[in-house]
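Data file: work39.txt. Format and content: compact mmCIF, C-alpha atoms and all ligand atoms.
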```
# COMPACT_ATOMS: atom_id res chain seq x y z
CA MET P 5 0.00 0.00 0.00
CA SER P 6 1.49 3.31 -0.94
CA VAL P 7 1.64 5.92 1.79
CA ARG P 8 -0.50 8.98 1.25
CA VAL P 9 -0.82 11.53 4.04
CA ARG P 10 -2.20 15.00 4.29
CA PHE P 11 -1.77 18.14 6.31
CA ALA P 12 -5.08 19.94 6.55
CA PRO P 13 -4.79 23.38 8.13
CA SER P 14 -7.65 25.84 8.38
CA PRO P 15 -6.52 29.35 7.41
CA THR P 16 -7.99 30.88 10.53
CA GLY P 17 -4.72 31.85 12.20
CA LYS P 18 -0.98 31.84 11.69
CA LEU P 19 0.72 28.46 11.48
CA HIS P 20 1.05 27.36 15.09
CA VAL P 21 4.12 25.49 16.29
CA GLY P 22 1.93 22.50 17.17
CA SER P 23 0.41 22.39 13.69
CA ALA P 24 3.87 22.75 12.20
CA ARG P 25 4.96 19.65 14.06
CA THR P 26 1.89 17.79 12.78
CA ALA P 27 2.81 18.87 9.26
CA LEU P 28 6.40 17.81 9.84
CA PHE P 29 5.49 14.35 11.15
CA ASN P 30 3.24 13.81 8.12
CA TRP P 31 5.98 14.98 5.79
CA LEU P 32 8.71 12.89 7.43
CA PHE P 33 6.46 9.84 7.35
CA ALA P 34 5.69 10.39 3.66
CA LYS P 35 9.33 10.97 2.71
CA HIS P 36 10.53 8.00 4.75
CA HIS P 37 8.12 5.71 2.90
CA HIS P 38 8.59 7.39 -0.49
CA GLY P 39 4.94 8.32 -0.25
CA THR P 40 2.90 11.39 -1.06
CA PHE P 41 2.33 14.42 1.14
CA ILE P 42 -0.81 16.38 0.31
CA LEU P 43 -1.66 19.89 1.43
CA ARG P 44 -5.38 20.42 1.91
CA ILE P 45 -6.76 23.77 2.94
CA GLU P 46 -9.85 23.43 5.12
CA ASP P 47 -11.48 26.71 4.29
CA THR P 48 -15.17 25.92 4.28
CA ASP P 49 -15.75 28.42 7.06
CA GLN P 50 -15.42 31.48 4.86
CA LYS P 51 -16.13 33.87 7.69
CA ARG P 52 -13.14 32.73 9.74
CA SER P 53 -10.79 32.01 6.84
CA ASN P 54 -8.44 34.78 5.80
CA PRO P 55 -6.10 34.94 2.78
CA ALA P 56 -3.39 36.55 4.96
CA PHE P 57 -3.33 33.43 7.14
CA LEU P 58 -3.12 31.28 4.03
CA ASP P 59 -0.05 33.22 2.92
CA ASP P 60 1.42 32.76 6.38
CA ILE P 61 0.84 28.99 6.21
CA TYR P 62 2.54 28.77 2.79
CA ALA P 63 5.46 30.94 3.89
CA SER P 64 5.95 29.00 7.12
CA LEU P 65 5.86 25.61 5.42
CA LYS P 66 8.30 26.89 2.82
CA PHE P 67 10.59 28.18 5.57
CA LEU P 68 10.55 24.75 7.19
CA GLY P 69 11.27 23.07 3.85
CA ILE P 70 8.01 21.14 3.95
CA ASN P 71 6.91 20.93 0.35
CA ALA P 72 3.66 19.38 -0.85
CA ASP P 73 3.64 16.66 -3.49
CA GLU P 74 -0.02 17.39 -4.22
CA GLY P 75 -2.10 20.45 -3.57
CA PRO P 76 -2.93 22.83 -2.19
CA LEU P 77 -6.46 21.52 -2.58
CA PHE P 78 -9.17 23.80 -1.29
CA GLN P 79 -12.28 22.47 0.37
CA SER P 80 -14.11 25.62 -0.69
CA GLN P 81 -13.69 24.46 -4.29
CA ARG P 82 -15.08 21.01 -3.61
CA MET P 83 -18.60 21.90 -2.48
CA PRO P 84 -20.38 19.82 -5.17
CA ILE P 85 -18.48 16.74 -3.98
CA TYR P 86 -19.73 17.12 -0.39
CA GLN P 87 -23.25 17.85 -1.61
CA GLU P 88 -23.20 14.74 -3.76
CA HIS P 89 -22.09 12.55 -0.88
CA ALA P 90 -24.69 14.08 1.42
CA LYS P 91 -27.30 13.30 -1.23
CA GLN P 92 -26.08 9.72 -1.38
CA LEU P 93 -26.68 9.35 2.36
CA LEU P 94 -30.07 11.07 2.09
CA ASP P 95 -31.12 8.83 -0.80
CA SER P 96 -30.16 5.69 1.05
CA GLY P 97 -32.09 6.88 4.11
CA LYS P 98 -28.98 7.06 6.29
CA ALA P 99 -29.25 10.80 6.71
CA ILE P 100 -32.21 13.09 7.10
CA GLN P 101 -32.94 16.68 6.20
CA LYS P 102 -33.86 18.97 9.06
CA GLU P 103 -34.39 22.72 8.80
CA GLY P 104 -32.20 22.88 5.72
CA ALA P 105 -29.34 20.93 7.33
CA VAL P 106 -28.36 17.33 6.61
CA MET P 107 -28.21 15.28 9.81
CA PHE P 108 -26.90 11.85 10.62
CA GLN P 109 -28.38 9.89 13.51
CA ILE P 110 -25.85 7.84 15.47
CA SER P 111 -27.22 4.67 16.99
CA PRO P 112 -25.80 3.49 20.33
CA ARG P 113 -22.89 1.10 19.74
CA GLN P 114 -19.21 0.54 20.26
CA VAL P 115 -16.88 1.99 17.63
CA THR P 116 -13.31 0.78 17.41
CA PHE P 117 -10.47 2.19 15.36
CA LYS P 118 -6.79 1.47 15.21
CA ASP P 119 -4.41 4.16 16.40
CA LEU P 120 -0.81 3.65 15.48
CA LEU P 121 0.43 5.09 18.78
CA ARG P 122 -2.21 3.87 21.19
CA GLY P 123 -3.49 0.65 19.66
CA ASP P 124 -7.25 -0.01 19.39
CA ILE P 125 -9.45 2.74 20.74
CA THR P 126 -13.05 1.87 21.47
CA THR P 127 -15.75 4.43 22.12
CA ASP P 128 -19.33 4.04 23.23
CA THR P 129 -21.57 6.26 21.13
CA THR P 130 -24.59 6.16 23.45
CA LEU P 131 -24.16 9.77 24.48
CA PHE P 132 -23.34 11.08 20.99
CA GLU P 133 -25.75 13.58 19.56
CA SER P 134 -26.73 13.35 15.94
CA LEU P 135 -24.09 14.67 13.56
CA VAL P 136 -24.59 17.64 11.30
CA LEU P 137 -23.13 16.75 7.90
CA MET P 138 -24.18 19.80 5.91
CA LYS P 139 -25.15 23.07 7.52
CA SER P 140 -28.26 24.94 6.38
CA ASP P 141 -26.04 27.31 4.36
CA GLY P 142 -25.00 24.35 2.20
CA THR P 143 -21.46 24.03 3.56
CA PRO P 144 -20.16 20.79 5.08
CA THR P 145 -19.04 20.37 8.68
CA TYR P 146 -15.44 19.52 9.46
CA ASN P 147 -16.12 15.84 10.23
CA PHE P 148 -18.04 15.24 7.02
CA ALA P 149 -15.73 17.11 4.63
CA CYS P 150 -12.73 15.50 6.28
CA VAL P 151 -14.04 11.96 5.78
CA VAL P 152 -15.12 12.55 2.18
CA ASP P 153 -11.77 14.13 1.31
CA ASP P 154 -9.57 11.65 3.15
CA ALA P 155 -11.39 8.82 1.37
CA LEU P 156 -11.39 10.39 -2.12
CA MET P 157 -7.75 11.45 -1.76
CA HIS P 158 -6.87 7.85 -0.83
CA ILE P 159 -5.25 8.92 2.40
CA SER P 160 -3.58 5.87 3.92
CA HIS P 161 -2.65 7.41 7.29
CA VAL P 162 -4.39 10.25 9.08
CA ILE P 163 -1.76 11.80 11.33
CA ARG P 164 -3.12 14.67 13.41
CA GLY P 165 -3.11 16.24 16.83
CA ASP P 166 -4.79 14.32 19.61
CA ASP P 167 -7.15 17.24 20.14
CA HIS P 168 -9.08 15.52 17.32
CA ILE P 169 -9.27 12.16 19.01
CA ALA P 170 -12.91 12.68 20.00
CA ASN P 171 -13.82 13.34 16.36
CA THR P 172 -12.39 10.10 15.07
CA PRO P 173 -15.16 7.69 16.19
CA LYS P 174 -17.69 9.99 14.49
CA GLN P 175 -15.59 9.94 11.35
CA VAL P 176 -15.30 6.16 11.50
CA ILE P 177 -19.08 5.92 11.57
CA LEU P 178 -19.27 8.14 8.48
CA TYR P 179 -16.71 6.04 6.59
CA GLU P 180 -18.86 3.00 7.29
CA ALA P 181 -22.06 4.74 6.26
CA LEU P 182 -20.48 5.82 2.97
CA GLY P 183 -19.01 2.34 2.41
CA LEU P 184 -15.48 3.74 2.29
CA PRO P 185 -12.30 2.03 3.57
CA LEU P 186 -10.77 3.33 6.79
CA PRO P 187 -7.30 4.85 6.91
CA VAL P 188 -4.90 4.14 9.77
CA PHE P 189 -5.03 6.85 12.42
CA ALA P 190 -2.19 8.30 14.47
CA HIS P 191 -3.06 10.96 17.03
CA ILE P 192 0.04 12.75 18.13
CA PRO P 193 0.20 14.40 21.56
CA LEU P 194 -0.01 18.14 21.91
CA ILE P 195 2.90 20.37 22.69
CA VAL P 196 2.74 22.00 26.11
CA GLY P 197 4.48 25.11 27.37
CA ALA P 198 6.42 25.85 30.53
CA ASP P 199 3.26 25.66 32.64
CA ARG P 200 2.43 22.23 31.18
CA ALA P 201 -0.71 23.70 29.64
CA ARG P 202 -1.32 23.75 25.92
CA LEU P 203 1.27 25.97 24.27
CA SER P 204 -0.32 29.37 24.22
CA LYS P 205 0.48 32.97 23.47
CA ARG P 206 0.94 33.71 27.14
CA PHE P 207 4.24 31.88 27.03
CA GLY P 208 6.14 33.58 24.26
CA ALA P 209 5.94 32.80 20.61
CA THR P 210 3.46 30.31 19.22
CA SER P 211 3.61 30.81 15.47
CA VAL P 212 6.36 29.58 13.18
CA ASP P 213 6.55 33.08 11.71
CA GLU P 214 7.58 34.54 15.06
CA TYR P 215 10.43 32.05 15.33
CA ARG P 216 11.48 32.79 11.77
CA ARG P 217 11.60 36.52 12.52
CA VAL P 218 13.72 36.09 15.62
CA GLY P 219 16.20 34.19 13.50
CA TYR P 220 15.90 30.50 14.17
CA LEU P 221 17.40 28.49 11.34
CA PRO P 222 14.95 26.24 9.53
CA GLU P 223 17.15 23.15 9.95
CA ALA P 224 17.46 23.74 13.69
CA PHE P 225 13.77 24.44 14.11
CA VAL P 226 12.81 21.33 12.14
CA ASN P 227 15.36 19.28 14.10
CA TYR P 228 13.88 20.56 17.35
CA LEU P 229 10.23 19.98 16.37
CA ALA P 230 10.97 16.49 15.09
CA LEU P 231 12.65 15.50 18.34
CA LEU P 232 9.76 16.85 20.35
CA GLY P 233 8.09 13.61 21.34
CA TRP P 234 10.20 11.37 19.19
CA ALA P 235 13.82 10.24 19.47
CA PRO P 236 15.95 8.59 16.81
CA GLY P 237 17.85 6.65 19.48
CA GLY P 238 21.47 6.85 20.55
CA ASN P 239 20.90 10.12 22.44
CA ARG P 240 21.32 12.06 19.25
CA GLU P 241 20.32 15.69 19.38
CA LEU P 242 21.65 17.15 16.16
CA VAL P 243 19.84 15.42 13.36
CA PRO P 244 19.62 17.29 10.06
CA PRO P 245 16.50 16.93 7.88
CA GLU P 246 17.85 14.24 5.51
CA GLU P 247 18.66 12.00 8.44
CA LEU P 248 15.34 12.73 10.12
CA ILE P 249 13.65 11.36 7.01
CA GLU P 250 15.80 8.25 7.08
CA LEU P 251 15.28 7.55 10.78
CA PHE P 252 11.70 8.70 11.32
CA ASP P 253 9.42 6.11 12.89
CA LEU P 254 5.87 7.22 13.60
CA ALA P 255 5.15 4.24 15.83
CA LYS P 256 7.87 5.44 18.21
CA VAL P 257 6.35 8.86 18.81
CA ARG P 258 5.68 9.21 22.53
CA LYS P 259 2.10 9.15 23.77
CA THR P 260 2.54 11.81 26.41
CA ALA P 261 2.41 15.56 25.82
CA ALA P 262 5.65 17.06 24.55
CA TYR P 263 7.19 19.86 26.57
CA PHE P 264 8.39 22.81 24.50
CA ASP P 265 11.77 23.69 25.94
CA GLN P 266 12.81 27.10 24.70
CA LYS P 267 16.31 26.80 26.16
CA LYS P 268 16.91 23.54 24.36
CA LEU P 269 15.74 25.07 21.10
CA ASP P 270 18.10 28.02 21.63
CA TRP P 271 20.98 25.68 22.32
CA LEU P 272 20.24 23.61 19.24
CA ASN P 273 19.95 26.72 17.09
CA GLY P 274 23.29 27.92 18.40
CA GLN P 275 24.82 24.58 17.40
CA TYR P 276 23.53 24.93 13.86
CA ILE P 277 24.80 28.50 13.67
CA LYS P 278 28.25 27.33 14.82
CA GLN P 279 28.38 24.75 12.08
CA MET P 280 27.56 27.13 9.26
CA PRO P 281 30.26 28.24 6.86
CA VAL P 282 31.11 31.87 7.65
CA PRO P 283 30.29 33.29 4.19
CA LYS P 284 26.84 31.69 4.24
CA LEU P 285 26.08 32.93 7.75
CA ALA P 286 27.38 36.37 6.81
CA ARG P 287 24.98 36.50 3.86
CA MET P 288 22.04 35.54 6.08
CA LEU P 289 22.98 38.18 8.61
CA ALA P 290 23.43 40.78 5.89
CA GLU P 291 19.99 40.08 4.47
CA ARG P 292 18.51 40.44 7.92
CA LEU P 293 20.37 43.70 8.69
CA ILE P 294 19.48 45.20 5.32
CA ASN P 295 15.80 44.39 5.89
CA LYS P 296 16.00 46.18 9.22
CA GLY P 297 17.71 49.20 7.69
CA ILE P 298 20.83 48.62 9.81
CA LEU P 299 23.09 47.79 6.88
CA GLN P 300 23.22 49.36 3.44
CA PRO P 301 22.97 47.06 0.40
CA GLY P 302 26.41 48.28 -0.72
CA TYR P 303 28.10 46.90 2.42
CA ASP P 304 31.57 45.38 2.33
CA PRO P 305 31.22 41.56 2.41
CA ALA P 306 34.79 41.04 3.66
CA THR P 307 34.17 43.16 6.76
CA LEU P 308 30.88 41.45 7.41
CA GLU P 309 32.59 38.07 7.22
CA ARG P 310 35.17 39.19 9.77
CA ILE P 311 32.37 40.34 12.07
CA THR P 312 30.57 37.05 11.52
CA ALA P 313 33.65 35.02 12.38
CA VAL P 314 34.06 36.69 15.78
CA ILE P 315 30.38 36.54 16.77
CA GLN P 316 29.46 33.15 15.30
CA ASP P 317 30.00 31.12 18.47
CA ARG P 318 28.10 33.66 20.52
CA LEU P 319 24.89 33.74 18.49
CA ARG P 320 21.89 31.79 19.74
CA VAL P 321 19.54 33.31 17.21
CA LEU P 322 20.23 35.66 14.33
CA GLU P 323 18.46 38.45 16.20
CA ASP P 324 21.38 38.53 18.65
CA ILE P 325 23.36 40.47 16.08
CA GLU P 326 21.02 43.43 16.55
CA GLU P 327 20.67 42.93 20.27
CA GLU P 328 24.27 42.28 21.29
CA HIS P 329 26.56 43.24 18.44
CA ILE P 330 24.93 46.35 17.06
CA PHE P 331 28.05 48.40 17.93
CA PHE P 332 29.65 47.15 14.74
CA PHE P 333 27.07 49.14 12.79
CA GLN P 334 26.40 52.23 14.94
CA ASP P 335 28.63 55.21 15.44
CA PRO P 336 28.96 56.06 18.24
CA PRO P 337 27.50 52.89 19.70
CA GLN P 338 24.66 52.93 22.19
CA TYR P 339 26.22 53.01 25.65
CA GLN P 340 24.65 50.84 28.33
CA ASP P 341 24.12 52.97 31.43
CA GLU P 342 25.22 50.20 33.73
CA ALA P 343 28.46 49.59 31.85
CA VAL P 344 29.23 53.32 31.76
CA ALA P 345 28.61 53.69 35.49
CA LYS P 346 30.70 50.69 36.38
CA PHE P 347 33.69 51.06 34.07
CA LEU P 348 33.83 54.62 32.72
CA ARG P 349 32.81 56.76 35.65
CA GLN P 350 35.90 55.85 37.64
CA ASP P 351 38.81 58.04 38.63
CA GLY P 352 41.43 58.44 35.95
CA VAL P 353 39.59 56.43 33.29
CA GLY P 354 39.21 59.33 30.86
CA LYS P 355 42.90 60.11 30.94
CA ARG P 356 43.76 56.47 30.47
CA LEU P 357 41.51 56.14 27.45
CA LEU P 358 43.02 59.27 25.86
CA GLU P 359 46.50 57.87 26.42
CA LEU P 360 45.50 54.59 24.79
CA ARG P 361 44.04 56.58 21.94
CA THR P 362 47.35 58.40 21.37
CA ARG P 363 49.31 55.17 21.41
CA LEU P 364 46.94 53.40 19.01
CA GLU P 365 46.94 56.41 16.70
CA ALA P 366 50.67 55.94 16.22
CA LEU P 367 50.29 52.37 14.95
CA PRO P 368 51.26 51.99 11.29
CA GLN P 369 49.41 48.66 11.08
CA PHE P 370 46.10 48.51 12.92
CA ASP P 371 45.73 44.75 13.36
CA THR P 372 44.77 42.54 16.31
CA ALA P 373 48.36 41.71 17.31
CA ALA P 374 49.59 45.31 17.18
CA ILE P 375 46.57 46.60 19.10
CA GLU P 376 47.02 43.96 21.77
CA GLN P 377 50.74 44.62 22.10
CA THR P 378 50.22 48.36 22.40
CA THR P 379 47.50 47.98 25.01
CA ARG P 380 49.51 45.52 27.10
CA ALA P 381 52.60 47.69 26.87
CA MET P 382 50.66 50.60 28.29
CA VAL P 383 49.31 48.41 31.12
CA ALA P 384 52.88 47.39 32.00
CA GLU P 385 54.38 50.86 31.77
CA GLN P 386 51.71 52.46 33.88
CA GLN P 387 51.67 49.58 36.32
CA LEU P 388 47.99 48.99 35.80
CA GLN P 389 46.08 45.76 35.91
CA SER P 390 44.88 44.77 32.45
CA LYS P 391 41.26 44.99 33.53
CA ASP P 392 41.76 48.66 34.48
CA LEU P 393 42.39 49.44 30.87
CA ILE P 394 40.67 46.70 28.92
CA HIS P 395 37.26 46.92 30.63
CA PRO P 396 36.90 50.69 30.10
CA ALA P 397 38.23 50.37 26.56
CA ARG P 398 35.66 47.67 25.84
CA VAL P 399 32.85 49.88 27.06
CA ALA P 400 34.25 52.84 25.12
CA VAL P 401 34.42 50.87 21.87
CA THR P 402 31.32 48.65 22.14
CA GLY P 403 29.09 50.43 24.64
CA ARG P 404 28.86 47.18 26.56
CA SER P 405 30.62 45.32 29.34
CA VAL P 406 30.57 42.02 27.44
CA SER P 407 31.72 41.62 23.85
CA PRO P 408 33.69 39.35 21.56
CA PRO P 409 37.50 39.58 22.04
CA LEU P 410 38.22 43.30 22.20
CA PHE P 411 41.37 43.45 20.09
CA ASP P 412 39.61 41.60 17.26
CA VAL P 413 36.66 43.96 17.53
CA MET P 414 38.98 46.98 17.34
CA ALA P 415 40.84 45.62 14.33
CA ILE P 416 37.56 45.01 12.49
CA LEU P 417 36.19 48.46 13.31
CA GLY P 418 39.38 50.09 12.07
CA LYS P 419 41.53 52.87 13.41
CA THR P 420 39.31 55.85 12.65
CA LYS P 421 36.26 54.49 14.46
CA VAL P 422 38.23 53.17 17.41
CA LEU P 423 40.08 56.47 17.97
CA HIS P 424 36.84 58.36 17.70
CA ARG P 425 35.04 56.11 20.18
CA LEU P 426 37.88 56.24 22.70
CA GLU P 427 37.85 60.01 22.52
CA TYR P 428 34.09 60.23 22.70
CA ALA P 429 33.94 57.97 25.76
CA ALA P 430 36.86 59.74 27.43
CA THR P 431 35.52 63.24 26.98
CA LYS P 432 31.77 62.75 27.07
CA LEU P 433 31.20 59.79 29.37
CA ALA P 434 34.17 59.06 31.56
CA ASP P 435 35.29 60.70 34.73
CA THR P 436 38.28 62.71 33.55
CA GLN P 437 39.86 63.64 36.85
N1 LIG O 1 -8.54 21.57 9.78
C1 LIG O 1 -8.32 20.71 10.88
C2 LIG O 1 -7.39 21.39 11.86
O1 LIG O 1 -6.81 22.35 11.52
C3 LIG O 1 -7.74 19.39 10.38
C4 LIG O 1 -7.79 18.28 11.34
C5 LIG O 1 -7.41 16.98 10.68
O2 LIG O 1 -6.21 16.84 10.38
O3 LIG O 1 -8.31 16.15 10.44
O4 LIG O 1 -7.26 21.00 12.97
```

Written as structure tokens, that's how I'd like the structure from this file.
Ligand code: GLU
Amino acid sequence: MSVRVRFAPSPTGKLHVGSARTALFNWLFAKHHHGTFILRIEDTDQKRSNPAFLDDIYASLKFLGINADEGPLFQSQRMPIYQEHAKQLLDSGKAIQKEGAVMFQISPRQVTFKDLLRGDITTDTTLFESLVLMKSDGTPTYNFACVVDDALMHISHVIRGDDHIANTPKQVILYEALGLPLPVFAHIPLIVGADRARLSKRFGATSVDEYRRVGYLPEAFVNYLALLGWAPGGNRELVPPEELIELFDLAKVRKTAAYFDQKKLDWLNGQYIKQMPVPKLARMLAERLINKGILQPGYDPATLERITAVIQDRLRVLEDIEEEHIFFFQDPPQYQDEAVAKFLRQDGVGKRLLELRTRLEALPQFDTAAIEQTTRAMVAEQQLQSKDLIHPARVAVTGRSVSPPLFDVMAILGKTKVLHRLEYAATKLADTQ
């Protein structure tokens, strides 16, 4: 039997992290089995559907590298198909018409279906109300459209969030009524946030788009989502997409809710950033900075690559470049009040910075080694401790008390900017007694 799966989002909101994982599990399962992954847009509720959300779903799936083999198919374009199947049930007396709606009466019985993760699930339908198949406005309900489509699209495995588990017995009854073969079901557990409740907006980002904007790499994000509730074995944490496909095993997905661990995601993202070739990372950062108006399109790629090389191991997310390393792109940099108070407003600091400025100005070659040698020579001659000069100089040049190695930073910034910043800090910010 060839594997055919579908991801069936409703365009009523941005693509949620939980839905993204459902999409990913479907996609990994399809790719692993050389099957087909279908994208179906469940947009029968025209009032709640919004083209902007549809664009977000496409963009987010594209970002994650999840590409559809078939589709997108739109339920809104398949109305005659649902009407025809409703008519079939009406004609055979299995459904009835009531106030313009098509209803299906469920008789009390036990319904059993096979769930790939949980085994057989049996439900007693005694308390079920009758099902609406078609609403009075002529549109199908979720359960009905879903069954008709899954059957006509020859879906072999329905993999979806376990928030739908209560719908499945109703759908099984509809398959039987329509004389259609059942797919295999796999209900995957929800993702929960720090408070162990369903991942919600109250705890940070919930949409893929938000993670994309902050600068998570698609490979890292996919790696993280895939390992949320599933493990390839061998304690592996870094598993790139091609290997995920090779190793993915739906039956081994855990049955308990998956805890979304932001710190783990950050760590993993940092690992992927570390592994990137510098020129590629530099291009990604440049694109980001240009979009934010921080960098001009005519920037110097060589300088940006030097910056990238010194910050690479420090980045968790691409956004960190704006948050922590903005001093490379601002003149003068923004000075952190705390760093200024602690390291610049100290007796004699202004004079020291001006002296360093004079010594650095005299350098014929403004490179890391020469800058370091000059600075250390001044420390020795003036019988200072290195921190008495290096900490204030760091704040003067970067505006911050923590930065990548200072002499590298100075060499990248170049003599003119460094001299200017030392002077600025010495005369405008430091205590010059
Ligand atoms: N449109 C439904 C949802 O977004 C699809 C559920 C299913 O996969 O059957 O939850």

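Between P:His191 and the residues P:Phe225, P:Phe331, P:Tyr215, P:Phe117, the shortest atom-to-atom distance, using only C-alpha atoms, involves P:Phe117.
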
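Here atom CA of P:Gln50 is placed at a distance of 29.6 Å from atom CA of P:Pro185.
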
Environment of ligand LIG 1 (chain O) within 8 Å, counting all atoms listed in the file, reported as a ChimeraX atom specification = /P:10-14,23,45-46,146-147,150,162-165,168

Counting all atoms listed in the file, find the residues whose atoms lie at most 12 Å from (33.2, 38.1, 13.5) (file coordinates) and write them out as a PyMOL selection string. chain P and resi 278+282-283+285-286+289+305-319+325+329+332+407-417

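Here the question is which of P:Lys98, P:Arg82, P:His36, P:Lys18 gets nearest to P:Asp60 using all atoms listed in the file, and that residue is P:Lys18.
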
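Ranking P:Asp371, P:Leu77, P:Thr16, P:Gly69 by their shortest atom-to-atom distance to P:Ala56, with all atoms listed in the file included, puts P:Thr16 first.
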
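The coordinates place atom CA of P:Leu19 at 8.4 Å from atom CA of P:Thr210.
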
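With distances taken over all atoms listed in the file, P:Ser211 is the one residue among P:Asn71, P:Ser211, P:Ser111, P:Asn171 lying closest to P:Gly22.
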
Between P:Val9, P:Gln340, P:Phe264, P:Val136, smallest distance to P:Ala99 by only C-alpha atoms belongs to P:Val136

* Asked: Which neighbours of P:Leu120 fall inside 9 Å, counting only C-alpha atoms, when residues of the same chain fewer than 2 positions from it are skipped, and could you give them as a VMD selection string?
  -> chain P and resid 118 122 to 124 188 to 191 254 to 255

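Distance annotation: of P:Ser53, P:Thr48, P:Gln109, P:Asn30, the residue with the minimal separation from P:Gly17 is P:Ser53; atom set is all atoms listed in the file.
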
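Across the structure, atom CA of P:Val7 and atom CA of P:Glu241 are spaced 27.5 Å apart.
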
Can you rebuild stretch 250-255 of chain P with all heavy atoms and give it as a short mmCIF file (atom, residue, chain, number, x, y, z; two decimals), in the frame of the given file?
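Heads up, here's the output in rebuild-v6.cif:
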```
data_model
loop_
_atom_site.label_atom_id
_atom_site.label_comp_id
_atom_site.auth_asym_id
_atom_site.auth_seq_id
_atom_site.Cartn_x
_atom_site.Cartn_y
_atom_site.Cartn_z
N GLU P 250 15.32 9.63 7.08
CA GLU P 250 15.80 8.25 7.08
C GLU P 250 15.40 7.51 8.36
O GLU P 250 15.02 6.34 8.33
CB GLU P 250 17.32 8.32 6.98
CG GLU P 250 17.99 7.07 6.53
CD GLU P 250 19.50 7.32 6.58
OE1 GLU P 250 19.95 8.32 5.97
OE2 GLU P 250 20.20 6.55 7.26
N LEU P 251 15.47 8.22 9.49
CA LEU P 251 15.28 7.55 10.78
C LEU P 251 13.85 7.59 11.30
O LEU P 251 13.51 6.87 12.23
CB LEU P 251 16.20 8.21 11.83
CG LEU P 251 17.70 8.17 11.56
CD1 LEU P 251 18.45 9.08 12.52
CD2 LEU P 251 18.20 6.73 11.69
N PHE P 252 13.01 8.45 10.71
CA PHE P 252 11.70 8.70 11.32
C PHE P 252 10.86 7.43 11.45
O PHE P 252 10.74 6.64 10.52
CB PHE P 252 10.93 9.75 10.52
CG PHE P 252 9.68 10.18 11.22
CD1 PHE P 252 9.75 10.92 12.39
CD2 PHE P 252 8.43 9.81 10.74
CE1 PHE P 252 8.60 11.31 13.06
CE2 PHE P 252 7.27 10.20 11.41
CZ PHE P 252 7.36 10.95 12.57
N ASP P 253 10.28 7.27 12.63
CA ASP P 253 9.42 6.11 12.89
C ASP P 253 8.21 6.58 13.69
O ASP P 253 8.30 6.82 14.89
CB ASP P 253 10.22 5.06 13.67
CG ASP P 253 9.44 3.78 13.87
OD1 ASP P 253 8.24 3.75 13.50
OD2 ASP P 253 10.01 2.81 14.39
N LEU P 254 7.08 6.68 12.99
CA LEU P 254 5.87 7.22 13.60
C LEU P 254 5.44 6.40 14.82
O LEU P 254 4.98 6.95 15.82
CB LEU P 254 4.75 7.24 12.55
CG LEU P 254 3.44 7.90 12.92
CD1 LEU P 254 3.66 9.35 13.32
CD2 LEU P 254 2.46 7.82 11.76
N ALA P 255 5.61 5.10 14.74
CA ALA P 255 5.15 4.24 15.83
C ALA P 255 5.92 4.51 17.12
O ALA P 255 5.47 4.14 18.20
CB ALA P 255 5.31 2.77 15.42
#
```
